[in-house]
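Okay, structure first, notes after.
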Amino acid sequence: MSYFKKIINKQLLVGILQYLLSISAVIIIYLFYSFSYSKTFANWFLQNESNTALWYQDVGLNLTFSLIVFLLPAILMGMTFPLLSDIYFQHKKIKSGVAISKVYVVNTLGSILGALIPIFLFIPLLGSIKTTLYFFAGLNIIIALYFTYNSGYSKKIILLIFFAGSFGFTLHQTKSSDILLQLENLSEEQYDKTPIFYKEGVMATVKVYNKYGTAKSLSIDGVTIASEAFKAKESTIAHLPFFTKKPIKNVLAVGLASGSTVGSILKHKGVEHIDVVDIVPSVLDAVDHFKSVNADVKRNPKVEIYIDDILSYLSYSNKKYDVISSDGKFSILNKSNTTMLSKEYYEICKDHLAENGIFIQWITTEIPNKHFNTILSTAKSVFPYSEMFLIRKNLFIMSSNTPVKIDYDQIVQNFKTEEIAADLYSSNLYTPKEVLSYYIGTNLNTNKNYNTLNTPIIEYDYNVERQNDIVHSKTSALRNLKDLFTKYQKNRVSISSGDNTITHNNSHITYQSNSTYIESRISYIEAHILMANQNIQEACQYFQKVITNNHPENDNDIGVSAKIIGEQYLKEKKYNKAIEYFDLAVNKIGGYSDAYTLRGVSYYYLNDMINCKVNMEKSISLNPNDVTAKKFLDALESNTNN
């Protein structure tokens with residue numbers, strides 16, 4: 001600025017900088033509300049043929065946008081400060097130190113207000129970040145015109161017309177939608193460019209959108225946290241505590257999201273009251289779009305919703321709960337949730353459990369193995385009793401101050417209640433024995449790597465540890481599953497002897513049966529990894545292991561495995577062998593339209609047109625959009641007419 005001040009009128013220079021600030025604000029709006037949805041943007045940042053995100057698509061994307069959003073305006077603002085100091089000094093004719101100090105005080109006050117007023121006043125008042133940015137861009141152009149007009153520049157009228165005209169032209173050329181693109185999870189934006197619900201709030205941007213037009217989902221700042229497609233996980237965490245004999249009357253649900261978990265808890269008539277704590281106010285508006293799964297929680301007399309941070313809420317509450325249900329997401333996109341995976345959080349939850357109360361937590365097996373074990377160790381360090389259930393990629397940990405006792409008769413009773421049974425079926429839980437088959441033993445993690453508020457170790461190195469898992473076991477999920485199997489084997493004596501409170505008097509649980517289930521899951525995941533790497537023959541060997549194990553509660557994996565092996569035999573023109581596996585697939589999964597279609601194709605090449613037609617018609621009845629089945633039926637109809 002010491003150079004520019006010598007060659008350009010200072011007030012004119014302030015006008016130019018304010019003009020550039022107004023244009024930069026409009027460009028920022030265009031970037032997030034328009035350009036980010038374009039094919040050009042997708043070609044630059046989103047096209048990736050490999051399964052691993054490239055640097056420029058991950059870090060580079062946010063870096064590039066941050067430079068545009070923050071660096072350019074910061075430089076322009078920084079250039080303005082010494083100019084205004086000079087102008088004020090010359091105007092007031094006071095000591096330079098006094099002039100700079102006064103400008104600096106105002107600048108500091110402006111920095112504080114600039115952080116507070118837009119968020120807590122203008123965004124709620126004007127309704128969106130976009131409108132707020134337009135408002136401040138308008139202020140910048142007004143300031144630019146003011147300083148230019150008072151600059152004494154001989155051609156100021158021309159410049160005033162240029163500033164105003166080019167600002168208006170830029171506004172016109174950068175028209176955009178009203179939906180802010182969230183860079184945290186760009187894939188979410190591909191589902192629905194016109195969300196069902198959209199609200200920019202003080203805490204976060206909340207959105208409800210239609211995933212592929214089939215499942216409504218809810219996202220916070222671009223991170224999908226709830227979906228009708230997540231029903232299995234959201235309902236399972238609700239029902240598991242009710243498989244104990246303990247009467248459950250008072251429940252605390254940590255996190256509202258779509259309200260699906262709360263809706264499932266309400267299906268148990270013995271529940272008298274549910275407190276729900278969520279930190280994002282806008283979720284309360286979004287939850288109305290999920291009434292079909294949440295029993296209209298906002299208006300349910302048994303439910304009381306608090307907008308608060310869970311640690312803050314529990315710190316000032318003296319309530320005791322029979323169940324505390326904690327569903328804190330943890331991934332590279334929401335590492336701030338490590339608060340709800342900390343030792344202090346577990347301790348305060350433990351203090352708020354009633355006698356024999358249960359704390360249940362969900363953890364995905366897809367997080368890095370090191371962090372996965374740290375979470376288990378932290379929970380174990382607080383709760384003396386902790387039992388684990390592995391349901392596909394979801395781990396549910398039921399912890400308590402007293403032994404956790406699952407009762408088979410209680411599970412049966414739940415399945416006999418029509419409303420609860422329907423909810424369990426929609427969660428892919430079909431029999432009481434299946435529930436018990438998912439038990440994988442006591443949480444035995446005893447290493448000293450604890451996640452605390454002062455040492456939030458799982459908040460760091462997520463990508464590094466995920467890469468370590470890829471090197472070690474191809475994926476974090478596979479490494480965690482193998483790790484859990486090792487822990488399960490260490491539980492063999494207690495499970496087999498009946499000393500364990502879950503297996504005691506539960507003859508439906510056997511060590512060998514549950515061991516077979518875990519081994520089948522490991523084989524199933526390994527097979528899919530091999531398929532992704534085009535190692536088809538080796539993948540089929542692992543799929544065959546799933547079929548050979550034939551675990552009675554693993555029909556879905558067996559059906560998919562049979563379908564994939566059958567498809568390979570079909571490609572090899574071994575049609576009878578292919579049909580044998582497709583028979584198994586439709587036997588295990590009654591509504592498996594793809595398996596019916598492929599079985600129909602196999603019959604077609606065996607010249608058995610009757611069975612071909614039967615299978616294609618069945619496929620169409622299950623999936624009216626099956627293009628292959630339609631083509632074959634059209635061909636069969638054409639041949640019949642000829």
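Every chain in the structure tokens takes a letter, A first, then B, and so on in the order presented; its residues are numbered from 1, and the ligands are numbered from 1 following the presented order.
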Sorted by chain and rising residue number, which residues of stretch 296-374 of chain A lie within 7 Å of stretch 463-477 of chain A, and what are their closest atom pairs and distances in Å to one decimal, counting only C-alpha atoms, as JSON lines?
{"residue": "A:Thr365", "atom": "CA", "partner": "A:Ala477", "partner_atom": "CA", "distance": 5.0}
{"residue": "A:Glu366", "atom": "CA", "partner": "A:Ala477", "partner_atom": "CA", "distance": 4.4}
{"residue": "A:Ile367", "atom": "CA", "partner": "A:Ser476", "partner_atom": "CA", "distance": 6.1}
{"residue": "A:Pro368", "atom": "CA", "partner": "A:Arg466", "partner_atom": "CA", "distance": 4.9}
{"residue": "A:Asn369", "atom": "CA", "partner": "A:Ser476", "partner_atom": "CA", "distance": 6.0}
{"residue": "A:Lys370", "atom": "CA", "partner": "A:Glu465", "partner_atom": "CA", "distance": 6.8}
Which of stretch 252-311 of chain A end up as helix (DSSP H, G or I) when DSSP is run on this backbone - answer as a ChimeraX atom specification? /A:260-265,283-294,297-299,310-311
State, in Å with one decimal place, the distance from atom CA of A:Leu429 to atom CA of A:Tyr321.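 We find that atom CA of A:Leu429 and atom CA of A:Tyr321 lie 26.2 Å from each other.
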Excluding A:Gly441 and residues on its chain fewer than 5 positions from it, collect all residues at most 12 Å away from it, counting only C-alpha atoms, and give them as a ChimeraX atom specification. /A:385-390,395-398,404,436,484-496,498-503,509-511,514-515,518
Between atom CA of A:Lys630 and atom CA of A:Asn210, what distance in Å does the model show, to one decimal?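 Going from atom CA of A:Lys630 over to atom CA of A:Asn210 covers 26.6 Å.
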Counting only C-alpha atoms, which residue out of A:Gln413, A:Ser602, A:Asn43, A:Ser176 sits closest to A:Ile29? A:Ser176
Shell around stretch 444-458 of chain A at 9 Å using only C-alpha atoms, local window under 5 positions removed, as a PDB file with N, CA and C atoms, in the first residue's frame:
ATOM      1  N   LYS A 335     -15.825 -35.239  12.948  1.00  0.00           N
ATOM      2  CA  LYS A 335     -14.896 -35.578  14.032  1.00  0.00           C
ATOM      3  C   LYS A 335     -15.213 -34.822  15.318  1.00  0.00           C
ATOM      4  N   THR A 338     -16.444 -36.447  18.651  1.00  0.00           N
ATOM      5  CA  THR A 338     -15.611 -37.224  19.578  1.00  0.00           C
ATOM      6  C   THR A 338     -15.935 -36.890  21.036  1.00  0.00           C
ATOM      7  N   THR A 339     -16.603 -35.764  21.274  1.00  0.00           N
ATOM      8  CA  THR A 339     -17.085 -35.431  22.622  1.00  0.00           C
ATOM      9  C   THR A 339     -17.941 -36.573  23.162  1.00  0.00           C
ATOM     10  N   LEU A 341     -17.739 -39.581  22.538  1.00  0.00           N
ATOM     11  CA  LEU A 341     -16.972 -40.828  22.599  1.00  0.00           C
ATOM     12  C   LEU A 341     -15.853 -40.686  23.631  1.00  0.00           C
ATOM     13  N   SER A 342     -16.008 -39.707  24.502  1.00  0.00           N
ATOM     14  CA  SER A 342     -14.957 -39.406  25.477  1.00  0.00           C
ATOM     15  C   SER A 342     -15.240 -40.071  26.817  1.00  0.00           C
ATOM     16  N   LYS A 343     -14.194 -40.199  27.611  1.00  0.00           N
ATOM     17  CA  LYS A 343     -14.322 -40.806  28.938  1.00  0.00           C
ATOM     18  C   LYS A 343     -15.248 -39.974  29.822  1.00  0.00           C
ATOM     19  N   GLU A 344     -15.120 -38.646  29.740  1.00  0.00           N
ATOM     20  CA  GLU A 344     -15.955 -37.775  30.563  1.00  0.00           C
ATOM     21  C   GLU A 344     -17.431 -37.938  30.206  1.00  0.00           C
ATOM     22  N   TYR A 345     -17.712 -38.099  28.914  1.00  0.00           N
ATOM     23  CA  TYR A 345     -19.105 -38.291  28.482  1.00  0.00           C
ATOM     24  C   TYR A 345     -19.660 -39.600  29.028  1.00  0.00           C
ATOM     25  N   LYS A 370      -7.610 -48.323  14.796  1.00  0.00           N
ATOM     26  CA  LYS A 370      -7.006 -47.731  15.993  1.00  0.00           C
ATOM     27  C   LYS A 370      -8.049 -46.929  16.776  1.00  0.00           C
ATOM     28  N   HIS A 371      -8.856 -46.143  16.066  1.00  0.00           N
ATOM     29  CA  HIS A 371      -9.891 -45.348  16.717  1.00  0.00           C
ATOM     30  C   HIS A 371     -11.007 -46.248  17.259  1.00  0.00           C
ATOM     31  N   PHE A 372     -11.313 -47.286  16.512  1.00  0.00           N
ATOM     32  CA  PHE A 372     -12.337 -48.250  16.917  1.00  0.00           C
ATOM     33  C   PHE A 372     -11.983 -48.861  18.277  1.00  0.00           C
ATOM     34  N   ASN A 373     -10.744 -49.302  18.405  1.00  0.00           N
ATOM     35  CA  ASN A 373     -10.302 -49.914  19.662  1.00  0.00           C
ATOM     36  C   ASN A 373     -10.179 -48.896  20.793  1.00  0.00           C
ATOM     37  N   THR A 374      -9.838 -47.657  20.437  1.00  0.00           N
ATOM     38  CA  THR A 374      -9.767 -46.605  21.458  1.00  0.00           C
ATOM     39  C   THR A 374     -11.146 -46.346  22.057  1.00  0.00           C
ATOM     40  N   ILE A 375     -12.168 -46.333  21.214  1.00  0.00           N
ATOM     41  CA  ILE A 375     -13.539 -46.125  21.693  1.00  0.00           C
ATOM     42  C   ILE A 375     -13.952 -47.264  22.623  1.00  0.00           C
ATOM     43  N   LEU A 376     -13.657 -48.504  22.212  1.00  0.00           N
ATOM     44  CA  LEU A 376     -14.004 -49.661  23.042  1.00  0.00           C
ATOM     45  C   LEU A 376     -13.276 -49.610  24.390  1.00  0.00           C
ATOM     46  N   SER A 377     -12.002 -49.244  24.362  1.00  0.00           N
ATOM     47  CA  SER A 377     -11.214 -49.164  25.599  1.00  0.00           C
ATOM     48  C   SER A 377     -11.738 -48.069  26.519  1.00  0.00           C
ATOM     49  N   THR A 378     -12.108 -46.944  25.937  1.00  0.00           N
ATOM     50  CA  THR A 378     -12.617 -45.825  26.731  1.00  0.00           C
ATOM     51  C   THR A 378     -13.923 -46.208  27.417  1.00  0.00           C
ATOM     52  N   ALA A 379     -14.808 -46.873  26.670  1.00  0.00           N
ATOM     53  CA  ALA A 379     -16.081 -47.318  27.258  1.00  0.00           C
ATOM     54  C   ALA A 379     -15.843 -48.340  28.361  1.00  0.00           C
ATOM     55  N   LYS A 380     -14.919 -49.265  28.113  1.00  0.00           N
ATOM     56  CA  LYS A 380     -14.619 -50.312  29.090  1.00  0.00           C
ATOM     57  C   LYS A 380     -14.030 -49.731  30.372  1.00  0.00           C
ATOM     58  N   SER A 381     -13.279 -48.632  30.257  1.00  0.00           N
ATOM     59  CA  SER A 381     -12.652 -48.024  31.435  1.00  0.00           C
ATOM     60  C   SER A 381     -13.677 -47.390  32.374  1.00  0.00           C
ATOM     61  N   SER A 386     -20.132 -54.516  29.942  1.00  0.00           N
ATOM     62  CA  SER A 386     -20.310 -54.011  28.591  1.00  0.00           C
ATOM     63  C   SER A 386     -20.392 -55.178  27.618  1.00  0.00           C
ATOM     64  N   LYS A 487     -11.423 -61.056  19.477  1.00  0.00           N
ATOM     65  CA  LYS A 487     -11.959 -60.790  20.820  1.00  0.00           C
ATOM     66  C   LYS A 487     -13.035 -61.815  21.174  1.00  0.00           C
ATOM     67  N   LYS A 490     -11.557 -64.933  22.407  1.00  0.00           N
ATOM     68  CA  LYS A 490     -11.089 -64.813  23.789  1.00  0.00           C
ATOM     69  C   LYS A 490     -12.238 -64.982  24.784  1.00  0.00           C
ATOM     70  N   ASN A 491     -13.468 -64.759  24.323  1.00  0.00           N
ATOM     71  CA  ASN A 491     -14.654 -64.920  25.161  1.00  0.00           C
ATOM     72  C   ASN A 491     -15.180 -66.352  25.163  1.00  0.00           C
TER      73      ASN A 491
END
Wanna dump the stretch 277-382 of chain A-stretch 194-200 of chain A contacts at 10 Å for me, each residue with its shortest atom pair and the distance in Å to one decimal, counting only C-alpha atoms, ordered by chain and number, as CSV?
residue,atom,partner,partner_atom,distance
A:Ser282,CA,A:Lys199,CA,6.8
A:Val283,CA,A:Lys199,CA,9.1
A:Asp285,CA,A:Phe197,CA,8.6
A:Ala286,CA,A:Phe197,CA,6.5
A:Val287,CA,A:Phe197,CA,9.8
A:Asp288,CA,A:Phe197,CA,9.8
A:His289,CA,A:Phe197,CA,8.1
Go ahead and dump the residues you just picked, C-alpha atoms, as a JSON list (two decimals), in the first residue's frame.
[["chain", "number", "residue", "atom", "x", "y", "z"],
["A", 282, "SER", "CA", -33.38, -26.42, 12.71],
["A", 283, "VAL", "CA", -33.71, -30.19, 13.11],
["A", 285, "ASP", "CA", -38.46, -28.18, 11.69],
["A", 286, "ALA", "CA", -37.01, -30.94, 9.52],
["A", 287, "VAL", "CA", -38.31, -33.77, 11.72],
["A", 288, "ASP", "CA", -41.89, -33.17, 10.51],
["A", 289, "HIS", "CA", -40.91, -34.74, 7.19]]
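Our summary of the geometry notes that atom CA of A:Phe632 is positioned 20.5 Å from atom CA of A:Ile564.
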Do a neighbour search on stretch 296-298 of chain A at 7 Å with only C-alpha atoms, toss out local chain neighbours closer than 2 positions, and write the hits as a PDB file with C-alpha atoms, in the first residue's frame.
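Output file out.pdb follows:
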ATOM      1  CA  GLY A 259     -36.674 -39.084  15.145  1.00  0.00           C
ATOM      2  CA  GLY A 263     -40.366 -43.466  17.199  1.00  0.00           C
ATOM      3  CA  LYS A 291     -43.624 -38.482  10.781  1.00  0.00           C
ATOM      4  CA  ASN A 294     -41.041 -41.023  14.323  1.00  0.00           C
ATOM      5  CA  ASN A 300     -46.123 -36.750  21.362  1.00  0.00           C
ATOM      6  CA  VAL A 303     -41.570 -36.729  24.497  1.00  0.00           C
TER       7      VAL A 303
END
For A:Thr236, find every residue with an atom within 12 Å (counting only C-alpha atoms), except residues of its own chain fewer than 2 positions away, and show them as a PyMOL selection string. chain A and resi 230-234+238-243+260-265+325+327+360-362+389-392+394-398+420-421+423-430+435+438
Convert the current residue selection to file output with C-alpha atoms, as a PDB file, in the first residue's frame.
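Output saved as selection04.pdb:
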ATOM      1  CA  PHE A 230     -30.760 -46.263   7.821  1.00  0.00           C
ATOM      2  CA  LYS A 231     -33.876 -47.758   9.404  1.00  0.00           C
ATOM      3  CA  ALA A 232     -32.138 -50.984  10.455  1.00  0.00           C
ATOM      4  CA  LYS A 233     -29.531 -49.220  12.541  1.00  0.00           C
ATOM      5  CA  GLU A 234     -31.814 -46.506  13.937  1.00  0.00           C
ATOM      6  CA  ALA A 238     -33.925 -48.496  20.108  1.00  0.00           C
ATOM      7  CA  HIS A 239     -35.100 -52.094  20.596  1.00  0.00           C
ATOM      8  CA  LEU A 240     -32.032 -53.906  21.983  1.00  0.00           C
ATOM      9  CA  PRO A 241     -32.364 -52.596  25.584  1.00  0.00           C
ATOM     10  CA  PHE A 242     -35.957 -53.845  25.682  1.00  0.00           C
ATOM     11  CA  PHE A 243     -34.744 -57.427  25.254  1.00  0.00           C
ATOM     12  CA  SER A 260     -36.752 -42.669  13.881  1.00  0.00           C
ATOM     13  CA  THR A 261     -35.056 -44.071  16.997  1.00  0.00           C
ATOM     14  CA  VAL A 262     -37.444 -42.207  19.285  1.00  0.00           C
ATOM     15  CA  GLY A 263     -40.366 -43.466  17.199  1.00  0.00           C
ATOM     16  CA  SER A 264     -39.179 -47.056  17.699  1.00  0.00           C
ATOM     17  CA  ILE A 265     -38.765 -46.568  21.456  1.00  0.00           C
ATOM     18  CA  SER A 325     -29.424 -44.194  23.797  1.00  0.00           C
ATOM     19  CA  ASP A 327     -26.083 -42.421  18.421  1.00  0.00           C
ATOM     20  CA  ILE A 360     -26.382 -48.246  24.544  1.00  0.00           C
ATOM     21  CA  GLN A 361     -24.115 -46.872  21.841  1.00  0.00           C
ATOM     22  CA  TRP A 362     -23.794 -47.492  18.136  1.00  0.00           C
ATOM     23  CA  PHE A 389     -23.767 -57.154  19.338  1.00  0.00           C
ATOM     24  CA  LEU A 390     -22.499 -57.089  15.742  1.00  0.00           C
ATOM     25  CA  ILE A 391     -25.260 -56.620  13.183  1.00  0.00           C
ATOM     26  CA  ARG A 392     -23.689 -56.458   9.742  1.00  0.00           C
ATOM     27  CA  ASN A 394     -22.959 -51.962  12.967  1.00  0.00           C
ATOM     28  CA  LEU A 395     -21.612 -52.589  16.456  1.00  0.00           C
ATOM     29  CA  PHE A 396     -23.996 -52.001  19.376  1.00  0.00           C
ATOM     30  CA  ILE A 397     -22.474 -51.799  22.862  1.00  0.00           C
ATOM     31  CA  MET A 398     -24.808 -52.219  25.840  1.00  0.00           C
ATOM     32  CA  ILE A 420     -42.788 -53.894  17.489  1.00  0.00           C
ATOM     33  CA  ALA A 421     -42.451 -56.947  15.246  1.00  0.00           C
ATOM     34  CA  ASP A 423     -40.540 -52.376  13.168  1.00  0.00           C
ATOM     35  CA  LEU A 424     -38.037 -55.198  13.745  1.00  0.00           C
ATOM     36  CA  TYR A 425     -38.878 -56.721  10.346  1.00  0.00           C
ATOM     37  CA  SER A 426     -38.266 -53.364   8.664  1.00  0.00           C
ATOM     38  CA  SER A 427     -34.876 -53.395  10.418  1.00  0.00           C
ATOM     39  CA  ASN A 428     -34.083 -56.807   8.881  1.00  0.00           C
ATOM     40  CA  LEU A 429     -34.482 -58.608  12.214  1.00  0.00           C
ATOM     41  CA  TYR A 430     -36.863 -61.496  11.697  1.00  0.00           C
ATOM     42  CA  VAL A 435     -31.035 -61.384  17.539  1.00  0.00           C
ATOM     43  CA  TYR A 438     -25.412 -61.365  16.633  1.00  0.00           C
TER      44      TYR A 438
END
When you count only C-alpha atoms, which of these residues is closest to A:Ser24: A:Phe136, A:Tyr37, A:Phe330, A:Phe120? A:Phe136
All residues 7 Å or closer to A:Val277, only C-alpha atoms, same chain fewer than 6 positions away omitted, as a list in words: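 Residues meeting the cut-off are Ala253, Val254, Gly255, Leu256, Ile305, Tyr306, Ile307, Asp308 and Ile310 of chain A.
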